[in-house]
Structures are given as structure tokens and as C-alpha cells.
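Working notes for the structure below.
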Amino acid sequence: MLHELRIENLLLIERAELRLGPGLNAITGETGAGKTVLAHSLDLLMGGRARAQIVRPGAEEAYVEGVFAMPDGLFDDPDLAELGERLPEGSDELVLARRVTAGGRTAAYVQGRSANVGDLKALGSRLLAFFGQHEHRRLTLGSAQLDVLDGFIGPAHLELRERYRAAHANVRALRREAEELREREGARERDLDLMRFELEEIEALEPDPEELGDLASERERLRHAESLRAAAGGALEALAPADGEGGATGGVAAAEGALSGVASVDPALDHLAERIGGAALELADVAAELRTYVEAVDAEPGRLESLEERLAAIERLERKHGGSVDAVLAHAERCREEIERLENTEELAADLEARIGEAAAERAALADELTAARRAAAPRLERAVADALAGLAMDGARLEVAFGPPGSDGDFGSSGAETVELLVATNAGMPVSPLRDAASGGELSRIMLALSSLGGAATGATLVFDEIDAGVGGTTARAVGERLRELGEAGQVLCITHLPQVASMASTNFTIAKRTVRGATEATVERVAGDTLLAEIVRMLGAKSDDEAASRHARELLAA
């Protein structure tokens with residue numbers, strides 16, 4: 001049950017708060033006053049898409065909030081268990097909310113905590129059953145007619161249908177895989193040759209991501225070998241000339257010899273002599289290493305050319321296979337896997353055929369279950385609809401459920417091994433015809449009401465009807481109102497209507513009116529009862545407030 005609906009800055013409505021009651025709640029108002037804004041607010045709470053320019057001009061954001069009675073065992077549903085764990089426990093109310101900014105961004109909330117649109121869809125579908133004013137047009141589609149029968153059978157059947165759809169999708173996916181395998185058989189040898197060539201090319205080179213830096217450094221050194229040799233040779237000559245005379249090492253040796261004659265006389269000078277001795281050793285080591293470096297700079301003829309070739313080969317592989325050595329190695333692994341797959345095509349094909357057979361058998365078994373349940377339920381649906389239509393001033397009208405072949409995949413379609421078409425005769429003695437041909441707009445509305453009441457009332461959700469009484473008038477309108485009131489006795493009903501016969505049946509009434517305030521149009525929603533309800537019924541009858549005959553008729557409607 002929906003206790004409260006709060007709306008802020010949604011299209012024409014600046015602020016509105018509806019405190020709904022049990023039974024039938026009616027919302028009325030002039031055409032264009034904004035009744036459908038209320039329907040859209042409920043759609044937002046159910047996770048629907050926010051329409052463009054939905055925020056009231058001048059406002060930064062729109063906000064919709066619904067306060068529902070907490071259904072017993074709601075979060076026992078496995079699909080809602082994870083959401084239930086995130087919410088506080090112990091509340092007897094469930095609050096859903098949606099915020100839409102002027103820029104089009106939306107946010108969802110459950111129990112005041114941030115949620116996502118999927119959470120609202122999951123909860124909203126269990127709290128509200130929405131039937132729009134154009135819903136009866138969708139009823140003429142074959143898929144919607146099958147949904148009617150499946151929904152009438154019940155939740156367990158709908159779960160079975162989802163299992164069938166998963167099995168059907170699996171069969172189709174496996175068959176596509178087998179077809180692709182057959183298509184590739186013609187190019188198998190060519191693909192194998194290409195994969196083997198690319199793999200051999202990579203394996204022959206054996207690229208290593210860690211060697212690139214070392215190779216590049218060595219290449220740079222060899223490219224500048226002459227200048228490096230000259231620099232090292234000059235440094236060696238400065239330290240230890242080839243003729244053995246002078247140089248830094250000779251000078252340090254002379255200094256060391258000059259101090260050796262006064263050794264052990266002055267500790268301070270002895271310390272300096274030690275440092276000079278250390279420098280002499282260090283210079284000797286450096287000179288030796290420079291001599292080795294000079295001799296080794298160009299020690300391996302052809303090494304530079306070899307490095308250039310290897311680096312060029314690695315760069316070529318990188319360009320071909322992803323831009324890095326890691327990508328090249330990953331491509332090599334894919335080649336190995338593809339080669340193995342192509343070399344074992346016959347085994348793969350046999351395995352696929354076996355899997356297709358198993359999946360097809362599972363699908364056929366589920367389809368048989370669906371078919372049996374549908375054919376058993378069809379007569380019950382026909383009788384239930386006939387009884388419901390009789391109460392909607394369509395005595396003698398009858399519905400027949402016709403089964404046909406699916407046609408999309410041999411003996412199987414996306415929803416089973418049959419299609420369903422609803423055939424209807426709107427008057428006694430008339431032959432049945434397809435729903436799209438046999439029923440007028442008003443008759444379609446009543447058939448939609450009959451079908452929705454059969455499925456929706458049993459769910460425990462609040463039933464919302466957005467002008468489903470379109471195209472109905474006279475005594476038929478009263479029959480529709482009585483049917484809506486009966487639904488309200490079984491569970492809460494919210495009906496947006498233009499019929500006084502329906503509004504007079506409601507236990508709670510709201511009216512929406514449009515006015516201009518400071519040059520801006522806004523809609524207001526008020527609960528009406530007593531004299532204000534009487535005045536609204538008079539308006540709906542098309543009369544002025546001082547029309548005594550219309551007032552008397554309105555009082556009679558309310559009294560009845």
C-alpha cells in the first residue's frame with residue numbers, strides 16, 4: 001500500500017503531497033491540468049527514465065518520494081536479499097525516492113540511503129502494478145498476449161519461462177559457435193600457416209622485455225666507440241703516460257717519495273702521507289681500468305651490426321603485434337591456442353554437436369513444461385475474462401486463447417514452442433476475431449481492465465490505472481467504476497480518471513488544477529471531500545457549479 005506521495009518541482013507541480021487511503025483512490029482534473037505528471041512521478045519511483053525538461057522551469061532539481069507499507073517477507077526474495085542487507089531493519093515502512101537535476105542527472109534512494117535505478121526497478125515492480133492509458137494498444141501485440149497468459153498462470157511459471165529463455169539463448173549461442181567453426185574450416189590451412197609463421201618468428205627471436213634497456217645502452221656505447229676510446233685514452237695518458245714519465249701517477253709517486261724520508265717523525269704528516277699513498281693506489285687502479293676499457297671498446301667486430309639487427313627485429317614485431325614486447329608475447333600465446341584449436345577442429349566440432357544436443361534436449365523439456373501449463377491455464381483464463389467482462393457491461397463477450405507455431409527457430413521461439421493470440425467476440429453470438437480487429441478503444445480498455453485485475457490484484461501491489469477508462473461512457477462507465485471499487489476492496493487502487501462515475505466510487509479523491517502565479521503556470525493537488533468533492537463531480541459532468549440538475553445528479557452518484 002502506498003501511504004504518501006510527495007512531489008517537488010516536477011513539470012507543472014511546484015509542491016504536492018498526497019496522503020492516499022486504502023481502497024480506490026481517484027485523481028481528477030481538467031484535461032491538461034497535469035494528471036499525467038502524477039503518473040510520471042510513480043514511473044520515476046519504479047526506476048523509469050526521466051523525461052527531458054522534467055524539472056520545473058527555474059528550479060535546480062525535481063524530487064519524488066513514495067512511502068509504502070512494508071510488505072511481509074519482501075526481502076526474503078533472493079533477488080532482493082543483497083539490497084535488504086544494506087538497509088536498516090525493523091521499519092514498517094519503505095521509502096523510495098528519486099532526484100532529477102535540471103541537467104538531467106538522477107539519483108535514487110531507498111530508506112534514505114543512496115541506491116541505484118536497478119534497486120528502484122526491483123522494488124517498484126513488487127510495490128506497484130502500473131497500467132497506462134496506452135497499455136491496451138500494447139495488448140494487440142502477440143508478445144504482450146503471451147505475457148498475459150503467462151502472468152495469469154503465476155510467478156512459478158514466469159520463473160520457468162526465464163529458465164527456458166536462458167536454455168534457448170544457450171542453444172542459439174552454441175549453434176553460432178558451430179557455424180563459425182564450419183566457416184573457418186575453409187580457411188583452416190591458410191590460418192594455420194599464418195599462425196605458425198608468426199609464432200616461429202617470435203620464438204626464433206625470443207624477445208625479453210628486460211633486455212631492451214641493456215641492448216639500447218650497449219648500442220649507444222658502440223655507436224660512439226671512437227669518441228669513447230679517445231676520451232678514455234686521453235684520460236689514461238694524463239694519469240699514466242705511455243713513456244712512463246710524468247702524469248698524475250708519477251706526480252703522486254714523487255710526493256709519496258718526498259715524505260718517506262721523514263716518516264714517523266710527525267703524526268700529522270704521516271697521516272697526509274697515508275692519504276697520498278691511498279691516492280696513488282686509487283690512481284693506479286683507475287689507470288689500469290682505463291687501459292682495459294680502451295682495449296675493449298671495439299674488441300668484438302660486428303657487435304654493433306648484430307645489436308642493430310636484433311633491436312630492429314624486435315621493433316618490427318612490436319609494430320605488428322601491439323606495440324610492446326609484452327603484447328608480442330601475448331600474441332604468441334594466442335597463436336599457440338589458435339593453432340591447437342585449428343589442429344583439433346574435428347574434435348571441437350564433435351564436442352560442440354554433443355553440447356548442442358544436450359542444450360536442445362534441455363530446451364525441449366522446458367518448452368514441454370511451458371506448453372502443458374499454458375494449455376491447462378487457457379480455459380481458466382477464458383472463463384475468468386468472460387466473468388470479468390460481464391461485470392464491465394460486456395455480457396456475452398468471450399475470449400479464446402489460440403496457439404500457433406513460434407516460427408523463429410524451427411519448433412522453438414524466444415518464449416517457448418508456441419505463440420499465443422487472444423481472440424475475442426465482444427457480443428454474444430458473434431464469431432471470435434483477433435483482438436486488434438474485434439475491439440473498439442473502449443472495449444479494449446475494458447478488456448485491459450479485466451486482464452489486469454486478474455493478474456495484478458493477486459500480486460499484492462498497488463494497482464495504478466492512468467485513464468484506462470478512456471473511450472468509456474454512460475452505464476458502462478459505472479460498471480468500470482464498480483469494477484475498480486471491487487479491486488480496491490481487495491487491495492489499494494489508484495486511478496487517474498476523467499469519468500464522474502469512477503470518481504464517485506472512490507473512497508479517497510484528489511483533484512489537480514492549473515493556475516497562473518506571477519506569470520508562471522503551476523498545478524496544485526488537493527484532497528477533496530464533502531461539498532468540494534460534489535463540486536468536482538459537477539465539473540466532471542460538464543456543468544457549472546450552480547447547475548441544480550447536475551448537482552442533484554452528482555449527489556445521486558455519490559450516494560449510490
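Simple scheme: letters A, B, ... for chains in C-alpha cells order, numbers from 1 for residues in each chain, numbers from 1 for ligands in the order shown.
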
List the spatial neighbours of Gly277 of chain A as an MDAnalysis selection string - criterion: any atom at most 10 Å away, only C-alpha atoms, same-chain residues fewer than 5 positions off excluded. chainID A and resid 252:253 255:257 271:272 282:283

Selection near segment 204-210 of chain A, 7 Å with only C-alpha atoms, sequence-local residues under 6 positions removed, as a VMD selection string: chain A and resid 314 325 to 326

Using only C-alpha atoms for the distances, tell me which of A:Lys320, A:His3, A:Arg398, A:Arg355 is nearest to Arg175 of chain A.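 Checking each of A:Lys320, A:His3, A:Arg398, A:Arg355 against Arg175 of chain A, counting only C-alpha atoms, the winner is A:Arg355.
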
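All residues within segment 76-303 of chain A that the backbone DSSP calculation assigns to strand (DSSP E or B) are Glu93, Leu94, Val95, Leu96, Ala97, Arg98, Arg99, Val100, Thr101, Thr106, Ala107, Ala108, Tyr109, Val110, Arg113, Ser114, Ala115, Leu128, Ala129, Phe130 and Phe131 of chain A.
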
Residues of segment 2-85 of chain A in helix (DSSP H, G or I), written as a VMD selection string: chain A and resid 35 to 45 74 to 76 78 to 85

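Every protein or nucleic acid residue with an atom no more than 12 Å from Glu159 of chain A, counting only C-alpha atoms and leaving out same-chain residues fewer than 5 positions away, appears here: A:Asp150, A:Gly151, A:Ile153, A:Gly154, A:Tyr164, A:Arg165, A:Ala166, A:Leu366, A:Glu369, A:Leu370, A:Ser415.
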
Tell me which protein, DNA and RNA residues are within 12 Å of Ile54 of chain A, counting only C-alpha atoms, leaving out same-chain ones fewer than 3 positions away, and put them as number ranges by chain. A: 8-14, 37, 40-41, 44, 49-51, 57-64, 99-106

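Across A:Val420, A:Ala450, A:Ile339, A:Ile202, the tightest approach to Ala390 of chain A is made by A:Ala450 when counting only C-alpha atoms.
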
Here is a test: counting only C-alpha atoms, which residue of A:Pro500, A:Gly542, A:Gly429, A:Gly66 is nearest to Leu557 of chain A?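 Closest to Leu557 of chain A of all the choices is A:Pro500.
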
What's the 7 Å shell around segment 547-555 of chain A, counting only C-alpha atoms, without same-chain residues fewer than 6 positions away, as an MDAnalysis selection string? chainID A and resid 534 537:538 541

Could you turn the residues from that selection into a file that holds all heavy atoms, as a PDB file, in the first residue's frame?
```pdb
ATOM      1  N   LEU A 534     -18.341  17.188  -4.269  1.00  0.00           N
ATOM      2  CA  LEU A 534     -19.574  17.366  -5.039  1.00  0.00           C
ATOM      3  C   LEU A 534     -19.344  18.337  -6.190  1.00  0.00           C
ATOM      4  O   LEU A 534     -19.760  18.071  -7.334  1.00  0.00           O
ATOM      5  CB  LEU A 534     -20.688  17.873  -4.116  1.00  0.00           C
ATOM      6  CG  LEU A 534     -22.044  18.109  -4.791  1.00  0.00           C
ATOM      7  CD1 LEU A 534     -22.652  16.797  -5.259  1.00  0.00           C
ATOM      8  CD2 LEU A 534     -22.999  18.825  -3.828  1.00  0.00           C
ATOM      9  N   ILE A 537     -17.407  16.640  -8.970  1.00  0.00           N
ATOM     10  CA  ILE A 537     -18.245  15.735  -9.760  1.00  0.00           C
ATOM     11  C   ILE A 537     -19.120  16.540 -10.726  1.00  0.00           C
ATOM     12  O   ILE A 537     -19.292  16.162 -11.891  1.00  0.00           O
ATOM     13  CB  ILE A 537     -19.118  14.857  -8.842  1.00  0.00           C
ATOM     14  CG1 ILE A 537     -18.236  13.976  -7.928  1.00  0.00           C
ATOM     15  CG2 ILE A 537     -20.057  13.979  -9.659  1.00  0.00           C
ATOM     16  CD1 ILE A 537     -17.396  12.974  -8.668  1.00  0.00           C
ATOM     17  N   VAL A 538     -19.647  17.662 -10.260  1.00  0.00           N
ATOM     18  CA  VAL A 538     -20.442  18.533 -11.131  1.00  0.00           C
ATOM     19  C   VAL A 538     -19.597  18.999 -12.309  1.00  0.00           C
ATOM     20  O   VAL A 538     -20.042  19.012 -13.463  1.00  0.00           O
ATOM     21  CB  VAL A 538     -20.999  19.737 -10.334  1.00  0.00           C
ATOM     22  CG1 VAL A 538     -21.602  20.776 -11.274  1.00  0.00           C
ATOM     23  CG2 VAL A 538     -22.046  19.262  -9.333  1.00  0.00           C
ATOM     24  N   LEU A 541     -19.191  16.392 -14.816  1.00  0.00           N
ATOM     25  CA  LEU A 541     -20.420  16.189 -15.591  1.00  0.00           C
ATOM     26  C   LEU A 541     -20.583  17.237 -16.687  1.00  0.00           C
ATOM     27  O   LEU A 541     -21.508  17.154 -17.504  1.00  0.00           O
ATOM     28  CB  LEU A 541     -21.634  16.206 -14.671  1.00  0.00           C
ATOM     29  CG  LEU A 541     -21.777  14.991 -13.742  1.00  0.00           C
ATOM     30  CD1 LEU A 541     -22.846  15.244 -12.692  1.00  0.00           C
ATOM     31  CD2 LEU A 541     -22.115  13.740 -14.550  1.00  0.00           C
TER      32      LEU A 541
END
```

Exercise: Val110 of chain A partners within 12 Å, only C-alpha atoms, chain neighbours under 6 positions left out, as a PyMOL selection string: chain A and resi 45-47+65-68+83-84+86-88+93-99+116-124

Could the residues in this selection be written to a file with C-alpha atoms, as an mmCIF file, in the first residue's frame?
```cif
data_model
loop_
_atom_site.group_PDB
_atom_site.id
_atom_site.type_symbol
_atom_site.label_atom_id
_atom_site.label_comp_id
_atom_site.auth_asym_id
_atom_site.auth_seq_id
_atom_site.Cartn_x
_atom_site.Cartn_y
_atom_site.Cartn_z
ATOM 1 C CA LEU A 45 9.768 5.642 -8.344
ATOM 2 C CA MET A 46 9.644 2.411 -10.347
ATOM 3 C CA GLY A 47 13.027 3.203 -11.911
ATOM 4 C CA GLU A 65 9.204 10.319 -2.750
ATOM 5 C CA GLY A 66 6.844 7.455 -2.020
ATOM 6 C CA VAL A 67 6.158 5.987 1.420
ATOM 7 C CA PHE A 68 4.901 2.391 1.233
ATOM 8 C CA LEU A 83 19.578 -4.968 -1.100
ATOM 9 C CA GLY A 84 17.878 -5.931 2.167
ATOM 10 C CA ARG A 86 22.194 -2.855 3.071
ATOM 11 C CA LEU A 87 19.077 -1.383 4.680
ATOM 12 C CA PRO A 88 18.247 -0.823 8.347
ATOM 13 C CA GLU A 93 7.512 1.484 6.091
ATOM 14 C CA LEU A 94 9.591 1.516 2.920
ATOM 15 C CA VAL A 95 10.607 4.877 1.437
ATOM 16 C CA LEU A 96 11.636 5.149 -2.221
ATOM 17 C CA ALA A 97 12.853 8.447 -3.665
ATOM 18 C CA ARG A 98 14.222 9.847 -6.916
ATOM 19 C CA ARG A 99 16.037 13.127 -7.538
ATOM 20 C CA ASN A 116 20.604 2.781 -7.976
ATOM 21 C CA VAL A 117 17.835 2.712 -10.552
ATOM 22 C CA GLY A 118 18.002 -1.083 -10.634
ATOM 23 C CA ASP A 119 17.088 -1.161 -6.929
ATOM 24 C CA LEU A 120 14.028 1.010 -7.614
ATOM 25 C CA LYS A 121 13.002 -1.226 -10.512
ATOM 26 C CA ALA A 122 13.318 -4.348 -8.378
ATOM 27 C CA LEU A 123 11.289 -2.861 -5.514
ATOM 28 C CA GLY A 124 8.872 -0.824 -7.615
#
```

Fewer than 6 positions away in the same chain doesn't count, so skip those; otherwise give me all residues within 12 Å of Thr475 of chain A, counting only C-alpha atoms, as an MDAnalysis selection string. chainID A and resid 391:394 481:482 499:502 557

Please determine, counting only C-alpha atoms, which residue among A:Glu183, A:Glu418, A:Glu400, A:Glu211 has the shortest atom-to-atom distance to Thr371 of chain A.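 Among the listed residues, A:Glu418 lies closest to Thr371 of chain A.
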